[in-house]
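As structure tokens, the structure follows; a few thoughts come after it.
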Number of protein chains: 2
Amino acid sequence: MPSPEPSVPALDRPEQVVTVLGLVAASRVTAFDWLAADALHAPRTQARVAVTRLASGQLGAYDTLARSAEEHGGVLTDAAAPYLELLDGIGQRTRSDDWWERVVRTVVAGGMVRDLARVVGERLPEPVRDVVAGALAGQGLTGLVAAEVAQATAGDQALSARLALWGRRVAGEALGAVQPVLDVVELAGAVDLSALAAPAVGTVSADHARRMQRLGLAA
Amino acid sequence: MPSPEPSVPALDRPEQVVTVLGLVAASRVTAFDWLAADALHAPRTQARVAVTRLASGQLGAYDTLARSAEEHGGVLTDAAAPYLELLDGIGQRTRSDDWWERVVRTVVAGGMVRDLARVVGERLPEPVRDVVAGALAGQGLTGLVAAEVAQATAGDQALSARLALWGRRVAGEALGAVQPVLDVVELAGAVDLSALAAPAVGTVSADHARRMQRLGLAA
């Protein structure tokens, strides 16, 4: 991760803290939605239950985030609403009825959204920065399915090529949301984050390449 | 609730306990699925988050159920699979894109499935009977939305009539699953549950009428 650039302002005013908490909450609600829908496409009951439980864990820090928003004079669901709309858009543009494509979608786009929330969250002051880091540290889908995807694609070149292409498309959609998300932070927090755009895209892209590698797919 | 009929056998052999645990687990996974999908149709972010969190809570007892199945020589996900298929069928036949119809579907069918699992679970020996009662005691959707549905329908006779009709249709679908669910218990547990069918339908129907009343709808 790049060390914070001196030209990127901290997000320490209450309205700034609240909107970042909203972004983090929206990222967890979106992860829940995607995983919950993925679970229904799982090929086996065991995978379905595992993904369902993963979904259930995404909201674990919600109370803590809501309390923190309240302490900063805001309402978490209100702060989350504009981000949810943006992230829902990624979900709508990356739908698939295929289990493998769904898994890759959620790993790739979910991971990028989480990274973006993390990069923005690092601008928060303590102790809320720790709250956000904790909320984003939850278990992800990658660990659960990486070995399975790598195994399935190792024996199937057509699947491997299809999922690599699909992964790039999904990554494009998620990357396309970086600037609109930063725009919402700027607007709600009355702050200029133009210096954050490049490092944010850099971090999100680098972590994306690592995730594709774990899945055994060409990034 | 009717007191256990002497002619209904207890479900105390290990394979019987395991299959009932599977039914209970399947009822929670189904509740999760329905609530997770409902959340996406919520008219406001606040309702969406509230329903998402309700969904997340449904799997809270899963570890306990899985451990209990293991203690009885079974695997919970395997035991849940045939029930999940039946309950998924109810879900597929009661789909709607309308928020109110979704809410009524999940309250009505989810409540009836929970009641059925409860009636069957009462045949288990201690201490697993308590485990099951605990897993089924979780928070439901009724408490969250009853007042809202009642308020919306009080001012809108057309909506009230449509939802009452819809609730009856959903109830019919859920009631239709009672015998197939008991059939799975009989098959997996090698037990004759014919004496349980009538009291089970009786309990499920009576609780259904109470739920419709709470929603302010004609049962």
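For the structure tokens, the naming scheme is as follows: chains receive sequential letters (A, B, ...) according to their order of presentation, residues are indexed from 1 within each chain, and ligands are indexed from 1 in presentation order.
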
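Once Ala117 in chain B and its same-chain neighbours fewer than 6 positions away are set aside, Val20, Leu23, Val24, Ser27 and Leu136 of chain B remain within 8 Å of it when counting only C-alpha atoms.
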
Determine, counting only C-alpha atoms, which protein, DNA and RNA residues have an atom within 10 Å of an atom of range 40-48 of chain A; residues of the same chain fewer than 6 positions away are not included. Present the result as a PyMOL selection string. (chain A and resi 54+96-100+102-103+144-145) or (chain B and resi 26+29+33+75-82+84-85+88)

Would you save the residues from that selection as an mmCIF file, in the first residue's frame, using C-alpha atoms?
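Just written: out-v6.cif:
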```
data_model
loop_
_atom_site.group_PDB
_atom_site.id
_atom_site.type_symbol
_atom_site.label_atom_id
_atom_site.label_comp_id
_atom_site.auth_asym_id
_atom_site.auth_seq_id
_atom_site.Cartn_x
_atom_site.Cartn_y
_atom_site.Cartn_z
ATOM 1 C CA LEU A 54 -19.984 -15.730 4.756
ATOM 2 C CA SER A 96 -24.397 -14.017 -14.286
ATOM 3 C CA ASP A 97 -26.255 -17.283 -13.786
ATOM 4 C CA ASP A 98 -23.011 -19.225 -13.902
ATOM 5 C CA TRP A 99 -21.579 -20.187 -10.512
ATOM 6 C CA TRP A 100 -17.930 -19.659 -11.498
ATOM 7 C CA ARG A 102 -20.561 -15.239 -9.960
ATOM 8 C CA VAL A 103 -17.716 -16.310 -7.704
ATOM 9 C CA LEU A 144 -13.161 -19.947 0.585
ATOM 10 C CA VAL A 145 -13.124 -20.455 -3.175
ATOM 11 C CA ALA B 26 -32.882 -25.864 5.940
ATOM 12 C CA VAL B 29 -31.109 -21.172 5.211
ATOM 13 C CA ASP B 33 -32.487 -16.534 1.255
ATOM 14 C CA VAL B 75 -23.475 -34.218 8.495
ATOM 15 C CA LEU B 76 -25.827 -31.253 8.778
ATOM 16 C CA THR B 77 -25.575 -30.015 5.181
ATOM 17 C CA ASP B 78 -26.293 -33.506 3.833
ATOM 18 C CA ALA B 79 -29.299 -33.802 6.119
ATOM 19 C CA ALA B 80 -30.542 -30.356 5.083
ATOM 20 C CA ALA B 81 -30.300 -30.928 1.321
ATOM 21 C CA PRO B 82 -33.649 -32.711 0.672
ATOM 22 C CA LEU B 84 -33.849 -27.276 1.096
ATOM 23 C CA GLU B 85 -35.072 -28.553 -2.237
ATOM 24 C CA ASP B 88 -36.779 -23.699 -2.397
#
```

CA of Ala55 in chain A to CA of Ala31 in chain A, distance in Å rounded to a single decimal: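 Between these atoms lies a distance of 7.0 Å.
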
Using only C-alpha atoms, which residue out of A:Ala137, A:Leu59, A:Leu163, A:Leu182 lies closest to chain B?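 Checking each of A:Ala137, A:Leu59, A:Leu163, A:Leu182 against chain B, counting only C-alpha atoms, the winner is A:Leu59.
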
Name the residues in contact with Ala190 in chain A at a cut-off of 10 Å, using only C-alpha atoms, excluding same-chain residues fewer than 3 positions from it; report them as a compact mmCIF listing (two decimals) with all heavy atoms, in the first residue's frame.
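File out-v2.txt, as written:
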```txt
# COMPACT_ATOMS: atom_id res chain seq x y z
N LEU A 11 -9.48 13.18 6.53
CA LEU A 11 -10.94 13.30 6.57
C LEU A 11 -11.35 13.29 8.04
O LEU A 11 -11.76 12.27 8.57
CB LEU A 11 -11.57 12.13 5.80
CG LEU A 11 -11.25 12.09 4.30
CD1 LEU A 11 -11.61 10.75 3.69
CD2 LEU A 11 -12.00 13.21 3.58
N ARG A 13 -13.23 15.99 9.75
CA ARG A 13 -14.42 16.73 10.19
C ARG A 13 -15.58 15.74 10.32
O ARG A 13 -15.65 14.75 9.56
CB ARG A 13 -14.75 17.84 9.20
CG ARG A 13 -13.70 18.98 9.21
CD ARG A 13 -14.30 20.31 8.74
NE ARG A 13 -15.02 20.17 7.47
CZ ARG A 13 -14.43 20.19 6.27
NH1 ARG A 13 -13.11 20.35 6.16
NH2 ARG A 13 -15.13 20.05 5.18
N GLU A 15 -18.68 15.52 9.36
CA GLU A 15 -19.45 15.14 8.17
C GLU A 15 -18.60 14.27 7.25
O GLU A 15 -19.13 13.43 6.50
CB GLU A 15 -20.01 16.36 7.44
CG GLU A 15 -18.99 17.24 6.75
CD GLU A 15 -18.42 18.33 7.68
OE1 GLU A 15 -18.44 18.14 8.91
OE2 GLU A 15 -17.95 19.37 7.15
N GLN A 16 -17.27 14.45 7.31
CA GLN A 16 -16.38 13.62 6.50
C GLN A 16 -16.32 12.20 7.08
O GLN A 16 -16.36 11.21 6.34
CB GLN A 16 -14.98 14.25 6.46
CG GLN A 16 -14.96 15.59 5.72
CD GLN A 16 -13.64 16.32 5.85
OE1 GLN A 16 -12.87 16.07 6.78
NE2 GLN A 16 -13.39 17.24 4.93
N ASP A 183 -16.15 10.99 -5.73
CA ASP A 183 -16.97 12.20 -5.93
C ASP A 183 -17.99 12.35 -4.80
O ASP A 183 -18.25 13.47 -4.34
CB ASP A 183 -17.72 12.13 -7.27
CG ASP A 183 -16.78 12.31 -8.47
OD1 ASP A 183 -15.62 12.74 -8.26
OD2 ASP A 183 -17.19 12.01 -9.60
N VAL A 184 -18.59 11.24 -4.39
CA VAL A 184 -19.57 11.32 -3.30
C VAL A 184 -18.89 11.74 -2.01
O VAL A 184 -19.42 12.57 -1.26
CB VAL A 184 -20.31 9.96 -3.11
CG1 VAL A 184 -21.24 10.03 -1.90
CG2 VAL A 184 -21.11 9.60 -4.35
N VAL A 185 -17.71 11.19 -1.73
CA VAL A 185 -16.97 11.60 -0.53
C VAL A 185 -16.68 13.10 -0.59
O VAL A 185 -16.88 13.82 0.40
CB VAL A 185 -15.64 10.82 -0.38
CG1 VAL A 185 -14.93 11.23 0.92
CG2 VAL A 185 -15.86 9.31 -0.41
N GLU A 186 -16.24 13.56 -1.75
CA GLU A 186 -15.91 15.00 -1.91
C GLU A 186 -17.13 15.87 -1.65
O GLU A 186 -17.06 16.87 -0.93
CB GLU A 186 -15.39 15.26 -3.33
CG GLU A 186 -14.01 14.68 -3.57
CD GLU A 186 -13.37 15.24 -4.84
OE1 GLU A 186 -14.11 15.49 -5.81
OE2 GLU A 186 -12.15 15.41 -4.85
N LEU A 187 -18.24 15.46 -2.24
CA LEU A 187 -19.46 16.24 -2.13
C LEU A 187 -19.98 16.26 -0.70
O LEU A 187 -20.27 17.32 -0.12
CB LEU A 187 -20.52 15.67 -3.07
CG LEU A 187 -21.79 16.49 -3.26
CD1 LEU A 187 -21.50 17.76 -4.03
CD2 LEU A 187 -22.87 15.67 -3.97
N LEU A 193 -10.47 15.62 -3.07
CA LEU A 193 -9.73 14.37 -3.00
C LEU A 193 -9.02 14.03 -4.31
O LEU A 193 -8.66 12.88 -4.54
CB LEU A 193 -10.68 13.21 -2.63
CG LEU A 193 -11.21 13.18 -1.19
CD1 LEU A 193 -12.11 11.97 -1.01
CD2 LEU A 193 -10.07 13.14 -0.19
```

Of the listed residues B:Ala195, B:Ala66, B:Ala37, B:Ala154, that which approaches chain A most closely, counting only C-alpha atoms: B:Ala37

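Note that the spacing between CA of Ala146 in chain A and CA of Gly60 in chain A amounts to 23.1 Å.
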
Find the distance between CA of Ala174 in chain A and CA of Leu86 in chain A and write it in Å to one decimal.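 Interatomic distance, CA of Ala174 in chain A to CA of Leu86 in chain A: 10.0 Å.
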
Within 12 Å of Ala152 in chain A, counting only C-alpha atoms, which residues qualify if same-chain residues fewer than 2 places away don't, as a ChimeraX atom specification? /A:99-100,145-150,154-161,163,215-217

Got time to write the residues from that selection, N, CA and C atoms, as a PDB file, in the first residue's frame?
```pdb
ATOM      1  N   TRP A  99     -22.187 -20.191 -11.851  1.00  0.00           N
ATOM      2  CA  TRP A  99     -21.579 -20.187 -10.512  1.00  0.00           C
ATOM      3  C   TRP A  99     -20.159 -19.635 -10.529  1.00  0.00           C
ATOM      4  N   TRP A 100     -19.330 -20.106 -11.463  1.00  0.00           N
ATOM      5  CA  TRP A 100     -17.930 -19.659 -11.498  1.00  0.00           C
ATOM      6  C   TRP A 100     -17.850 -18.164 -11.797  1.00  0.00           C
ATOM      7  N   VAL A 145     -12.956 -19.872  -1.845  1.00  0.00           N
ATOM      8  CA  VAL A 145     -13.124 -20.455  -3.175  1.00  0.00           C
ATOM      9  C   VAL A 145     -11.872 -20.473  -4.041  1.00  0.00           C
ATOM     10  N   ALA A 146     -10.807 -19.769  -3.595  1.00  0.00           N
ATOM     11  CA  ALA A 146      -9.623 -19.632  -4.461  1.00  0.00           C
ATOM     12  C   ALA A 146      -9.126 -21.000  -4.934  1.00  0.00           C
ATOM     13  N   ALA A 147      -8.956 -21.923  -4.007  1.00  0.00           N
ATOM     14  CA  ALA A 147      -8.412 -23.230  -4.370  1.00  0.00           C
ATOM     15  C   ALA A 147      -9.347 -23.950  -5.346  1.00  0.00           C
ATOM     16  N   GLU A 148     -10.652 -23.785  -5.117  1.00  0.00           N
ATOM     17  CA  GLU A 148     -11.649 -24.456  -5.947  1.00  0.00           C
ATOM     18  C   GLU A 148     -11.632 -23.915  -7.379  1.00  0.00           C
ATOM     19  N   VAL A 149     -11.557 -22.586  -7.512  1.00  0.00           N
ATOM     20  CA  VAL A 149     -11.507 -21.974  -8.841  1.00  0.00           C
ATOM     21  C   VAL A 149     -10.219 -22.393  -9.542  1.00  0.00           C
ATOM     22  N   ALA A 150      -9.102 -22.317  -8.825  1.00  0.00           N
ATOM     23  CA  ALA A 150      -7.809 -22.671  -9.425  1.00  0.00           C
ATOM     24  C   ALA A 150      -7.832 -24.120  -9.913  1.00  0.00           C
ATOM     25  N   ALA A 154      -7.645 -25.214 -13.824  1.00  0.00           N
ATOM     26  CA  ALA A 154      -6.399 -25.910 -14.189  1.00  0.00           C
ATOM     27  C   ALA A 154      -6.688 -27.024 -15.194  1.00  0.00           C
ATOM     28  N   GLY A 155      -7.836 -27.658 -15.063  1.00  0.00           N
ATOM     29  CA  GLY A 155      -8.140 -28.775 -15.957  1.00  0.00           C
ATOM     30  C   GLY A 155      -9.039 -28.384 -17.123  1.00  0.00           C
ATOM     31  N   ASP A 156      -9.240 -27.096 -17.328  1.00  0.00           N
ATOM     32  CA  ASP A 156     -10.238 -26.683 -18.321  1.00  0.00           C
ATOM     33  C   ASP A 156      -9.819 -25.335 -18.914  1.00  0.00           C
ATOM     34  N   GLN A 157      -9.096 -25.403 -20.028  1.00  0.00           N
ATOM     35  CA  GLN A 157      -8.556 -24.175 -20.624  1.00  0.00           C
ATOM     36  C   GLN A 157      -9.647 -23.200 -21.074  1.00  0.00           C
ATOM     37  N   ALA A 158     -10.759 -23.746 -21.586  1.00  0.00           N
ATOM     38  CA  ALA A 158     -11.842 -22.882 -22.061  1.00  0.00           C
ATOM     39  C   ALA A 158     -12.437 -22.099 -20.882  1.00  0.00           C
ATOM     40  N   LEU A 159     -12.659 -22.808 -19.764  1.00  0.00           N
ATOM     41  CA  LEU A 159     -13.189 -22.149 -18.568  1.00  0.00           C
ATOM     42  C   LEU A 159     -12.202 -21.096 -18.072  1.00  0.00           C
ATOM     43  N   SER A 160     -10.941 -21.455 -18.066  1.00  0.00           N
ATOM     44  CA  SER A 160      -9.905 -20.550 -17.595  1.00  0.00           C
ATOM     45  C   SER A 160      -9.892 -19.259 -18.421  1.00  0.00           C
ATOM     46  N   ALA A 161      -9.976 -19.411 -19.751  1.00  0.00           N
ATOM     47  CA  ALA A 161      -9.959 -18.234 -20.636  1.00  0.00           C
ATOM     48  C   ALA A 161     -11.224 -17.397 -20.434  1.00  0.00           C
ATOM     49  N   LEU A 163     -13.153 -17.218 -17.752  1.00  0.00           N
ATOM     50  CA  LEU A 163     -13.168 -16.544 -16.450  1.00  0.00           C
ATOM     51  C   LEU A 163     -12.144 -15.409 -16.388  1.00  0.00           C
ATOM     52  N   LEU A 215      -6.666 -16.855  -7.732  1.00  0.00           N
ATOM     53  CA  LEU A 215      -7.702 -17.652  -8.398  1.00  0.00           C
ATOM     54  C   LEU A 215      -7.127 -18.473  -9.546  1.00  0.00           C
ATOM     55  N   GLY A 216      -5.838 -18.228  -9.866  1.00  0.00           N
ATOM     56  CA  GLY A 216      -5.217 -18.950 -10.985  1.00  0.00           C
ATOM     57  C   GLY A 216      -5.629 -18.401 -12.333  1.00  0.00           C
ATOM     58  N   LEU A 217      -6.026 -17.123 -12.372  1.00  0.00           N
ATOM     59  CA  LEU A 217      -6.495 -16.525 -13.631  1.00  0.00           C
ATOM     60  C   LEU A 217      -5.543 -15.422 -14.087  1.00  0.00           C
TER      61      LEU A 217
END
```
